[in-house]
file upload35.cif (mmCIF, C-alpha atoms)
data_start
#
loop_
_atom_site.label_atom_id
_atom_site.label_comp_id
_atom_site.auth_asym_id
_atom_site.auth_seq_id
_atom_site.Cartn_x
_atom_site.Cartn_y
_atom_site.Cartn_z
CA MET Y 1 71.40 90.07 53.69
CA ALA Y 2 74.92 88.68 53.36
CA GLN Y 3 76.27 92.18 53.14
CA SER Y 4 74.55 93.35 56.34
CA ASN Y 5 75.85 90.25 58.09
CA GLU Y 6 79.37 91.12 57.05
CA LEU Y 7 78.87 94.68 58.24
CA GLN Y 8 77.70 93.36 61.58
CA THR Y 9 80.76 91.13 61.96
CA GLY Y 10 83.04 94.03 61.09
CA LEU Y 11 81.35 96.14 63.74
CA TYR Y 12 81.80 93.43 66.36
CA LYS Y 13 85.42 92.93 65.45
CA ARG Y 14 86.13 96.63 65.66
CA ALA Y 15 84.43 96.90 69.04
CA LEU Y 16 86.50 94.03 70.38
CA LEU Y 17 89.85 95.15 69.00
CA ALA Y 18 89.64 98.90 69.68
CA GLY Y 19 90.51 98.53 73.35
CA LEU Y 20 93.58 96.41 72.79
CA TRP Y 21 95.80 99.02 71.23
CA GLU Y 22 94.08 101.83 69.29
CA GLN Y 23 92.12 103.00 72.29
CA ASN Y 24 94.02 101.23 75.03
CA PRO Y 25 92.81 102.96 78.20
CA THR Y 26 96.23 103.05 79.87
CA PHE Y 27 98.68 103.63 77.05
CA ARG Y 28 96.62 105.69 74.62
CA LEU Y 29 93.72 107.37 76.40
CA LEU Y 30 95.43 107.82 79.78
CA ILE Y 31 92.31 107.24 81.81
CA GLY Y 32 91.90 105.28 85.00
CA MET Y 33 95.52 105.80 85.97
CA CYS Y 34 95.37 104.92 89.62
CA PRO Y 35 95.30 101.10 89.49
CA PRO Y 36 98.15 100.86 86.95
CA LEU Y 37 100.31 102.78 89.40
CA ALA Y 38 99.04 101.37 92.67
CA VAL Y 39 98.62 97.62 92.29
CA THR Y 40 101.52 96.80 89.96
CA THR Y 41 104.20 95.95 92.53
CA ALA Y 42 103.74 92.29 91.53
CA VAL Y 43 101.99 90.42 88.72
CA LYS Y 44 99.47 88.52 90.86
CA PRO Y 45 97.61 91.52 92.33
CA ALA Y 46 97.78 93.23 88.94
CA LEU Y 47 96.12 90.24 87.28
CA THR Y 48 93.46 90.05 89.99
CA MET Y 49 92.76 93.74 89.55
CA GLY Y 50 92.55 93.36 85.77
CA LEU Y 51 90.10 90.47 86.02
CA SER Y 52 87.95 92.37 88.52
CA VAL Y 53 87.82 95.34 86.16
CA ILE Y 54 86.84 93.06 83.26
CA PHE Y 55 84.02 91.58 85.36
CA VAL Y 56 82.69 94.96 86.48
CA LEU Y 57 83.05 96.46 83.01
CA VAL Y 58 81.22 93.63 81.26
CA CYS Y 59 78.37 93.54 83.80
CA SER Y 60 77.86 97.27 83.95
CA ASN Y 61 78.04 97.65 80.17
CA PHE Y 62 75.47 94.84 79.88
CA VAL Y 63 73.01 96.49 82.27
CA THR Y 64 73.58 99.98 80.90
CA SER Y 65 72.99 98.75 77.38
CA LEU Y 66 69.70 97.14 78.47
CA MET Y 67 68.43 100.31 80.09
CA ARG Y 68 69.78 102.75 77.52
CA ASN Y 69 66.33 103.81 76.34
CA LEU Y 70 65.15 104.63 79.86
CA LEU Y 71 68.05 106.93 80.79
CA LYS Y 72 67.26 110.53 81.57
CA PRO Y 73 70.07 112.89 80.59
CA HIS Y 74 70.49 114.60 83.96
CA LEU Y 75 70.30 111.39 86.00
CA ARG Y 76 72.49 109.34 83.71
CA ILE Y 77 75.80 109.59 85.59
CA ILE Y 78 74.30 108.68 88.95
CA MET Y 79 72.51 105.72 87.34
CA PHE Y 80 75.82 104.50 85.90
CA THR Y 81 77.63 104.92 89.19
CA LEU Y 82 75.00 103.10 91.25
CA ASN Y 83 74.99 100.30 88.74
CA ILE Y 84 78.80 100.07 88.87
CA ALA Y 85 78.81 100.24 92.68
CA THR Y 86 76.53 97.22 92.84
CA PHE Y 87 78.85 95.07 90.73
CA VAL Y 88 81.92 96.30 92.58
CA THR Y 89 80.30 95.25 95.85
CA ILE Y 90 79.72 91.77 94.42
CA CYS Y 91 83.31 91.60 93.22
CA ASP Y 92 84.67 92.81 96.58
CA LEU Y 93 82.66 90.27 98.54
CA TYR Y 94 83.77 87.50 96.18
CA LEU Y 95 87.44 88.40 96.58
CA ARG Y 96 87.08 88.63 100.34
CA ALA Y 97 85.49 85.18 100.49
CA TYR Y 98 87.63 83.22 98.03
CA LEU Y 99 90.91 85.14 97.74
CA PRO Y 100 91.30 86.76 101.18
CA ARG Y 101 95.04 87.26 100.68
CA MET Y 102 94.57 89.17 97.42
CA SER Y 103 91.74 91.16 98.92
CA GLU Y 104 94.08 92.25 101.71
CA ILE Y 105 96.80 93.33 99.29
CA LEU Y 106 94.43 95.22 97.00
CA GLY Y 107 92.68 96.80 99.99
CA ALA Y 108 90.80 99.97 99.15
CA TYR Y 109 91.65 99.74 95.46
CA VAL Y 110 88.85 97.24 94.80
CA PRO Y 111 86.05 99.57 95.97
CA LEU Y 112 87.86 102.35 94.14
CA ILE Y 113 87.00 100.63 90.84
CA ILE Y 114 83.66 102.45 91.25
CA VAL Y 115 85.28 105.77 90.45
CA ASN Y 116 87.64 104.37 87.82
CA CYS Y 117 87.06 106.58 84.78
CA ILE Y 118 87.35 103.68 82.29
CA ILE Y 119 84.08 102.14 83.38
CA ILE Y 120 82.00 105.32 83.43
CA PHE Y 121 83.62 106.33 80.15
CA ARG Y 122 82.64 103.07 78.43
CA CYS Y 123 79.09 103.25 79.86
CA GLU Y 124 78.76 106.78 78.58
CA ALA Y 125 80.53 106.46 75.24
CA CYS Y 126 79.49 102.97 74.18
CA ALA Y 127 76.92 101.10 76.24
CA SER Y 128 74.39 103.93 76.44
CA LYS Y 129 74.34 104.17 72.64
CA CYS Y 130 75.03 100.70 71.26
CA GLY Y 131 73.32 97.34 71.26
CA LEU Y 132 73.93 94.52 73.68
CA MET Y 133 76.46 92.54 71.65
CA VAL Y 134 78.65 95.51 70.74
CA SER Y 135 78.66 96.76 74.34
CA ILE Y 136 79.76 93.43 75.75
CA LEU Y 137 82.49 92.93 73.14
CA ASP Y 138 83.67 96.47 73.71
CA ALA Y 139 83.83 95.86 77.46
CA ILE Y 140 85.84 92.67 76.96
CA GLY Y 141 88.27 94.41 74.59
CA MET Y 142 88.76 97.41 76.86
CA GLY Y 143 89.12 95.23 79.93
CA LEU Y 144 91.69 93.01 78.22
CA GLY Y 145 93.65 96.02 77.03
CA PHE Y 146 93.68 97.34 80.59
CA THR Y 147 94.71 93.97 82.04
CA ILE Y 148 97.53 93.54 79.55
CA ALA Y 149 98.84 97.03 80.30
CA LEU Y 150 98.69 96.30 84.02
CA CYS Y 151 100.53 93.00 83.60
CA ILE Y 152 103.29 94.50 81.44
CA LEU Y 153 103.93 97.20 84.02
CA ALA Y 154 103.74 94.76 86.91
CA SER Y 155 106.12 92.25 85.35
CA ILE Y 156 108.75 94.93 84.72
CA ARG Y 157 108.44 96.22 88.27
CA GLU Y 158 108.40 92.80 89.90
CA LEU Y 159 111.34 91.60 87.82
CA LEU Y 160 113.51 94.57 88.73
CA ALA Y 161 112.39 94.82 92.35
CA THR Y 162 112.70 91.16 93.34
CA GLY Y 163 114.21 89.29 90.41
CA CYS Y 164 111.13 87.09 90.14
CA ILE Y 165 108.02 87.00 87.98
CA PHE Y 166 104.93 85.30 89.38
CA ASP Y 167 107.14 84.24 92.31
CA LEU Y 168 109.41 82.30 89.91
CA ARG Y 169 113.09 83.21 90.04
CA VAL Y 170 114.20 84.67 86.69
CA MET Y 171 117.28 86.73 87.40
CA PRO Y 172 120.61 85.07 88.29
CA ARG Y 173 121.64 84.81 91.91
CA GLY Y 174 124.02 87.77 91.80
CA PHE Y 175 121.25 90.20 90.81
CA VAL Y 176 120.86 93.12 93.18
CA PRO Y 177 117.18 94.01 93.58
CA TRP Y 178 116.17 97.57 92.75
CA LEU Y 179 114.17 98.45 95.81
CA ALA Y 180 113.07 101.76 94.32
CA MET Y 181 110.94 99.85 91.83
CA GLN Y 182 108.61 98.77 94.61
CA MET Y 183 108.14 102.31 95.83
CA PRO Y 184 105.86 104.93 94.26
CA VAL Y 185 108.85 106.35 92.35
CA GLY Y 186 109.25 103.10 90.43
CA ALA Y 187 105.59 103.16 89.43
CA PHE Y 188 105.61 106.70 88.07
CA VAL Y 189 108.94 106.43 86.25
CA THR Y 190 108.27 102.99 84.71
CA LEU Y 191 104.86 104.07 83.43
CA GLY Y 192 106.39 107.30 82.10
CA LEU Y 193 109.08 105.42 80.20
CA LEU Y 194 106.56 102.90 78.83
CA LEU Y 195 104.29 105.69 77.61
CA GLY Y 196 107.28 107.36 76.00
CA LEU Y 197 108.19 104.12 74.28
CA ALA Y 198 104.61 103.68 73.07
CA SER Y 199 104.52 107.15 71.58
CA VAL Y 200 107.93 106.72 69.92
CA LEU Y 201 106.72 103.46 68.37
CA THR Y 202 103.52 105.01 67.00
CA ARG Y 203 105.51 107.88 65.54
CA LYS Y 204 107.85 105.47 63.76
CA LYS Y 205 104.92 103.47 62.42
CA ARG Y 206 103.27 106.57 61.05
CA SER Y 207 106.35 107.99 59.31
CA MET E 208 97.09 119.69 124.92
CA ASP E 209 97.82 116.06 124.17
CA ARG E 210 94.70 115.88 122.05
CA VAL E 211 95.69 118.92 119.99
CA TYR E 212 99.13 117.40 119.44
CA VAL E 213 97.64 114.16 118.15
CA LEU E 214 95.32 116.02 115.80
CA LEU E 215 98.12 118.22 114.51
CA MET E 216 100.33 115.21 113.87
CA GLY E 217 97.48 113.45 112.11
CA PHE E 218 96.94 116.46 109.88
CA LEU E 219 100.63 116.79 109.00
CA SER E 220 100.82 113.07 108.39
CA VAL E 221 98.10 113.05 105.72
CA VAL E 222 99.35 116.26 104.10
CA LEU E 223 103.05 115.43 103.89
CA VAL E 224 103.97 111.88 104.87
CA ASN E 225 100.98 109.88 103.69
CA ASN E 226 99.96 112.27 100.95
CA PHE E 227 97.28 110.44 98.94
CA VAL E 228 98.67 111.51 95.60
CA PHE E 229 102.28 110.59 96.26
CA THR E 230 101.98 107.43 98.32
CA LYS E 231 98.61 105.98 97.34
CA PHE E 232 98.34 107.23 93.74
CA LEU E 233 94.82 108.51 94.33
CA GLY E 234 93.56 111.41 92.28
CA THR E 235 96.30 110.89 89.69
CA CYS E 236 93.93 111.68 86.80
CA PRO E 237 93.39 115.35 87.69
CA TYR E 238 96.96 115.49 88.98
CA LEU E 239 98.43 114.55 85.61
CA GLY E 240 95.78 116.25 83.55
CA VAL E 241 95.91 119.59 85.32
CA SER E 242 96.68 122.49 83.05
CA GLY E 243 99.90 124.39 83.67
CA ARG E 244 98.11 127.20 85.48
CA ILE E 245 98.55 127.57 89.20
CA ASP E 246 95.38 129.59 89.82
CA SER E 247 93.08 127.00 88.28
CA ALA E 248 94.95 124.22 90.09
CA PHE E 249 94.47 126.13 93.32
CA GLY E 250 90.73 126.49 92.64
CA MET E 251 90.47 122.76 91.98
CA GLY E 252 92.43 121.97 95.14
CA LEU E 253 90.20 124.23 97.22
CA ALA E 254 87.03 122.69 95.81
CA VAL E 255 88.35 119.17 96.48
CA THR E 256 89.35 120.07 100.04
CA PHE E 257 85.88 121.40 100.72
CA VAL E 258 84.15 118.35 99.29
CA THR E 259 86.45 115.82 101.01
CA ALA E 260 85.88 117.48 104.37
CA LEU E 261 82.12 117.48 103.85
CA SER E 262 81.68 114.01 102.40
CA GLY E 263 84.28 112.38 104.65
CA THR E 264 82.41 113.62 107.70
CA LEU E 265 78.96 112.80 106.33
CA THR E 266 79.85 109.26 105.26
CA TRP E 267 81.56 108.58 108.57
CA LEU E 268 78.45 109.74 110.45
CA VAL E 269 76.17 107.61 108.31
CA ASP E 270 78.47 104.62 108.61
CA TYR E 271 78.95 104.93 112.36
CA TYR E 272 75.41 105.76 113.42
CA ILE E 273 73.24 104.05 110.79
CA LEU E 274 74.96 101.34 108.75
CA THR E 275 77.05 99.63 111.42
CA PRO E 276 74.34 99.38 114.11
CA LEU E 277 71.87 98.06 111.54
CA GLY E 278 74.38 95.57 110.09
CA LEU E 279 74.11 97.02 106.58
CA GLU E 280 77.83 97.14 105.79
CA ILE E 281 77.20 95.42 102.44
CA THR E 282 75.48 98.51 101.09
CA ARG E 283 78.35 100.72 102.20
CA TYR E 284 79.80 101.53 98.78
CA ILE E 285 76.43 102.36 97.29
CA CYS E 286 75.59 104.64 100.22
CA TYR E 287 78.96 106.37 99.96
CA ILE E 288 78.46 107.07 96.28
CA VAL E 289 74.98 108.49 96.85
CA ILE E 290 76.22 110.70 99.69
CA ILE E 291 79.17 112.01 97.69
CA ALA E 292 77.04 112.75 94.64
CA GLY E 293 74.48 114.46 96.87
CA ALA E 294 77.11 116.51 98.70
CA VAL E 295 78.67 117.68 95.46
CA GLN E 296 75.29 118.66 94.07
CA LEU E 297 74.42 120.50 97.27
CA VAL E 298 77.70 122.40 97.35
CA GLU E 299 77.27 123.35 93.73
CA MET E 300 73.76 124.70 94.27
CA TYR E 301 74.72 126.53 97.45
CA VAL E 302 77.78 128.16 95.94
CA ARG E 303 75.92 129.17 92.78
CA LYS E 304 73.18 130.82 94.81
CA PHE E 305 75.20 132.61 97.48
CA PHE E 306 78.71 133.10 96.08
CA PRO E 307 78.36 133.69 92.34
CA SER E 308 81.95 134.94 91.99
CA LEU E 309 83.31 131.83 93.72
CA TYR E 310 81.07 129.73 91.49
CA ASP E 311 82.65 131.27 88.41
CA ALA E 312 86.07 130.51 89.85
CA PHE E 313 85.62 126.81 90.53
CA GLY E 314 82.18 126.04 89.18
CA ILE E 315 83.37 123.92 86.30
CA PHE E 316 85.41 121.67 88.57
CA LEU E 317 82.56 120.77 90.89
CA PRO E 318 80.72 118.23 88.71
CA LEU E 319 84.06 116.60 87.87
CA ILE E 320 84.86 116.13 91.52
CA SER E 321 82.21 113.50 92.18
CA THR E 322 84.27 111.01 90.18
CA ASN E 323 87.57 112.04 91.78
CA CYS E 324 89.02 109.03 93.56
CA VAL E 325 90.35 111.08 96.49
CA ILE E 326 86.83 111.67 97.74
CA LEU E 327 85.70 108.06 97.78
CA ALA E 328 89.13 107.03 99.05
CA ILE E 329 88.96 109.19 102.16
CA CYS E 330 85.59 107.65 103.03
CA LEU E 331 87.09 104.16 102.65
CA PHE E 332 90.35 104.92 104.43
CA LEU E 333 88.58 106.45 107.44
CA ASP E 334 87.04 103.03 107.86
CA ILE E 335 90.37 101.20 107.34
CA TRP E 336 92.20 103.44 109.80
CA GLY E 337 89.42 102.78 112.29
CA THR E 338 88.86 106.40 113.23
CA ASP E 339 86.24 106.61 115.93
CA ASN E 340 85.92 110.23 116.88
CA LEU E 341 84.25 113.02 114.97
CA LEU E 342 86.95 115.64 115.48
CA GLU E 343 89.64 113.32 114.12
CA VAL E 344 87.47 112.53 111.11
CA VAL E 345 87.00 116.21 110.28
CA VAL E 346 90.72 116.96 110.67
CA LEU E 347 91.86 113.95 108.64
CA SER E 348 89.44 114.50 105.78
CA THR E 349 90.37 118.17 105.55
CA GLY E 350 94.03 117.17 105.64
CA VAL E 351 93.66 114.73 102.78
CA GLY E 352 92.03 117.43 100.67
CA ALA E 353 94.78 119.87 101.61
CA GLY E 354 97.41 117.29 100.66
CA PHE E 355 95.79 116.93 97.25
CA ALA E 356 95.76 120.72 96.86
CA VAL E 357 99.48 120.90 97.74
CA ALA E 358 100.36 118.17 95.25
CA ILE E 359 98.32 119.62 92.42
CA CYS E 360 99.67 123.15 92.95
CA ILE E 361 103.29 121.94 92.92
CA MET E 362 102.60 119.97 89.74
CA ALA E 363 100.97 122.97 88.03
CA GLY E 364 103.99 125.08 88.94
CA ILE E 365 106.38 122.53 87.47
CA ARG E 366 104.33 122.20 84.31
CA GLU E 367 104.49 125.95 83.81
CA GLU E 368 108.27 125.56 83.57
CA LEU E 369 108.07 122.32 81.63
CA ILE E 370 106.50 124.08 78.64
CA MET E 371 109.79 125.90 78.15
CA ALA E 372 111.94 122.77 78.51
CA ASP E 373 113.37 120.95 75.51
CA VAL E 374 111.85 117.46 75.78
CA PRO E 375 112.50 114.67 73.21
CA ALA E 376 109.59 114.43 70.76
CA GLY E 377 108.28 111.05 71.94
CA PHE E 378 108.28 112.05 75.57
CA GLN E 379 106.26 115.24 75.33
CA GLY E 380 103.02 115.43 77.29
CA ALA E 381 102.11 112.55 79.56
CA PRO E 382 105.41 110.57 79.67
CA ILE E 383 107.50 113.47 80.90
CA THR E 384 104.77 114.47 83.34
CA LEU E 385 104.81 110.98 84.85
CA ILE E 386 108.59 110.97 85.17
CA THR E 387 108.45 114.40 86.80
CA ALA E 388 105.81 113.08 89.17
CA GLY E 389 108.14 110.20 90.03
CA ILE E 390 110.97 112.55 90.93
CA LEU E 391 108.57 114.68 92.97
CA THR E 392 107.51 111.54 94.86
CA LEU E 393 111.16 110.89 95.62
CA ALA E 394 111.37 114.35 97.17
CA PHE E 395 108.31 113.73 99.31
CA MET E 396 109.81 110.46 100.54
CA GLY E 397 112.13 112.65 102.57
CA PHE E 398 109.24 113.34 104.93
CA ALA E 399 108.78 109.65 105.63
CA GLY E 400 110.86 109.56 108.80
CA MET E 401 109.20 112.64 110.27
CA ILE E 402 106.10 111.10 111.80
CA LYS E 403 105.28 107.53 112.66
#
call {"tool": "encode", "arguments": {"input": "upload35.cif", "output": "structure tokens"}}
result
Amino acid sequence: MAQSNELQTGLYKRALLAGLWEQNPTFRLLIGMCPPLAVTTAVKPALTMGLSVIFVLVCSNFVTSLMRNLLKPHLRIIMFTLNIATFVTICDLYLRAYLPRMSEILGAYVPLIIVNCIIIFRCEACASKCGLMVSILDAIGMGLGFTIALCILASIRELLATGCIFDLRVMPRGFVPWLAMQMPVGAFVTLGLLLGLASVLTRKKRS
Amino acid sequence: MDRVYVLLMGFLSVVLVNNFVFTKFLGTCPYLGVSGRIDSAFGMGLAVTFVTALSGTLTWLVDYYILTPLGLEITRYICYIVIIAGAVQLVEMYVRKFFPSLYDAFGIFLPLISTNCVILAICLFLDIWGTDNLLEVVVLSTGVGAGFAVAICIMAGIREELIMADVPAGFQGAPITLITAGILTLAFMGFAGMIK
């Protein structure tokens, strides 16, 4: 009994930690790449986006896990998507009501969470096969990994583009802002360099 | 004549100036993941153009004539998803039945398309832009698809050359592709002053 309990805890821990680095959706799996590029001009929208994704991911994994025995193979994807669309609608309405400013900045990227591959991928790979607890922990881990990646990227871009982080002045007065960082170029190049750094680090660790 | 001019400018604007891939980062997954073969990229681009044109028009019609008059805007996203999935399925069945050779050419891409962000994005952006005339909707949604096709074909062409390049070990694969995409975006910024 004690042994099975330990096994269970190990399983939970693995589900929670996998998303943070080993299977980090942005840095390792390279899925759901549009929000990391689009909403990372500043930290605030990036954080809002990350939290919205965590909410949608947890809810949709929860529901998918509950209905996993009822899924028909050929209707599975549409079931996932409808389920996700419902939670995204809730999230969008919430943002519009309580954070209208953020909702304006994020614009169409909130409804676009519906087609974000991370969520469908987790529904398909984890929630439709695992129990309730594992699915929820997995969703939290993946969502956190995604949020952290988003925030790292956003803080680099905001720092270089405006000299501030979270609207707090960090750079000295003489700092010349890099306007390119706020443009699409900055997004692509910064993410490219970060991915390169990540792969160099993993190589070093391995050897 | 004035009308044609407006439509033409709108088309050029979504293909070159406001290209969804370069300025709005939509459809980056297939854009970065595309294999280094131009012909398959072209097939994918063609399939996406077809589906964006179809689903953009259909969702606009449903939104304009059914959802807005009935005050059902809350269900918009769910309806869009159902329409897109239905359109993709329909196209797939139709092409398989009547154009088997075409089906072999881009059949495998069709199911993937329903989760391509470009398709849902055009439905959402038509609403944000406040387009209120059917002809404009058709032209804009075709243009967005064409813009995606242009972007993905250029990328495939560059990747063909990139295989030969001597890239540092850590930067092979995705990192160098992203940096290349960044430089390509810089090039497309040159179009920015062309149209308002």
call {"tool": "resolve_selection", "arguments": {"input": "upload35.cif", "expression": "the PyMOL selection byres ((chain Y and resi 149-154) around 8)", "output": "PyMOL selection string"}}
result
chain Y and resi 26-27+36+39-43+46-47+50+145-148+155-158+190-191
call {"tool": "interface_residues", "arguments": {"input": "upload35.cif", "of": "chain E", "to": "chain Y", "cutoff": "10 Å", "atoms": "all atoms listed in the file", "output": "number ranges by chain"}}
result
E: 228-237, 239-240, 281-289, 292-293, 321-329, 331-332, 334-335, 375-394, 396
call {"tool": "atom_distance", "arguments": {"input": "upload35.cif", "atom1": "CA of Val295 in chain E", "atom2": "CA of Met49 in chain Y"}}
result
28.4 Å
call {"tool": "atom_distance", "arguments": {"input": "upload35.cif", "atom1": "CA of Arg244 in chain E", "atom2": "CA of Ala353 in chain E"}}
result
18.0 Å
call {"tool": "atom_distance", "arguments": {"input": "upload35.cif", "atom1": "CA of Ala294 in chain E", "atom2": "CA of Ser128 in chain Y"}}
result
25.7 Å
call {"tool": "closest_residue", "arguments": {"input": "upload35.cif", "among": "Y:Ile140, Y:Val134, Y:Cys126, Y:Leu16", "to": "Cys59 in chain Y", "atoms": "all atoms listed in the file"}}
result
Y:Ile140
call {"tool": "closest_residue", "arguments": {"input": "upload35.cif", "among": "Y:Met181, Y:Phe87, Y:Phe166, Y:Gly131", "to": "Ile54 in chain Y", "atoms": "only C-alpha atoms"}}
result
Y:Phe87
call {"tool": "closest_residue", "arguments": {"input": "upload35.cif", "among": "E:Ala372, E:Ile245, E:Ile359, E:Cys330", "to": "Val344 in chain E", "atoms": "all atoms listed in the file"}}
result
E:Cys330
call {"tool": "resolve_selection", "arguments": {"input": "upload35.cif", "expression": "the PyMOL selection byres ((chain E and resi 356) around 10)", "output": "ChimeraX atom specification"}}
result
/E:222,228,238,248-256,350-355,357-362
call {"tool": "write_last_selection", "arguments": {"input": "upload35.cif", "atoms": "C-alpha atoms", "output": "short mmCIF file (atom, residue, chain, number, x, y, z; two decimals), in the frame of the given file"}}
result
data_model
loop_
_atom_site.label_atom_id
_atom_site.label_comp_id
_atom_site.auth_asym_id
_atom_site.auth_seq_id
_atom_site.Cartn_x
_atom_site.Cartn_y
_atom_site.Cartn_z
CA VAL E 222 99.35 116.26 104.10
CA VAL E 228 98.67 111.51 95.60
CA TYR E 238 96.96 115.49 88.98
CA ALA E 248 94.95 124.22 90.09
CA PHE E 249 94.47 126.13 93.32
CA GLY E 250 90.73 126.49 92.64
CA MET E 251 90.47 122.76 91.98
CA GLY E 252 92.43 121.97 95.14
CA LEU E 253 90.20 124.23 97.22
CA ALA E 254 87.03 122.69 95.81
CA VAL E 255 88.35 119.17 96.48
CA THR E 256 89.35 120.07 100.04
CA GLY E 350 94.03 117.17 105.64
CA VAL E 351 93.66 114.73 102.78
CA GLY E 352 92.03 117.43 100.67
CA ALA E 353 94.78 119.87 101.61
CA GLY E 354 97.41 117.29 100.66
CA PHE E 355 95.79 116.93 97.25
CA VAL E 357 99.48 120.90 97.74
CA ALA E 358 100.36 118.17 95.25
CA ILE E 359 98.32 119.62 92.42
CA CYS E 360 99.67 123.15 92.95
CA ILE E 361 103.29 121.94 92.92
CA MET E 362 102.60 119.97 89.74
#
call {"tool": "closest_residue", "arguments": {"input": "upload35.cif", "among": "E:Arg366, E:Glu299, E:Thr259, E:Glu343", "to": "Tyr212 in chain E", "atoms": "all atoms listed in the file"}}
result
E:Glu343
call {"tool": "resolve_selection", "arguments": {"input": "upload35.cif", "expression": "the PyMOL selection byres ((chain Y and resi 129) around 12)", "output": "list in words"}}
result
Asn61, Phe62, Thr64, Ser65, Leu66, Met67, Arg68, Asn69, Leu70, Leu71, Arg122, Cys123, Glu124, Ala125, Cys126, Ala127, Ser128, Cys130, Gly131, Leu132, Met133, Val134 and Ser135 of chain Y
call {"tool": "residues_around", "arguments": {"input": "upload35.cif", "residues": "Phe398 in chain E", "least_positions_apart": "4", "cutoff": "10 Å", "atoms": "all atoms listed in the file", "output": "ChimeraX atom specification"}}
result
/E:220,223-225,393-394,402
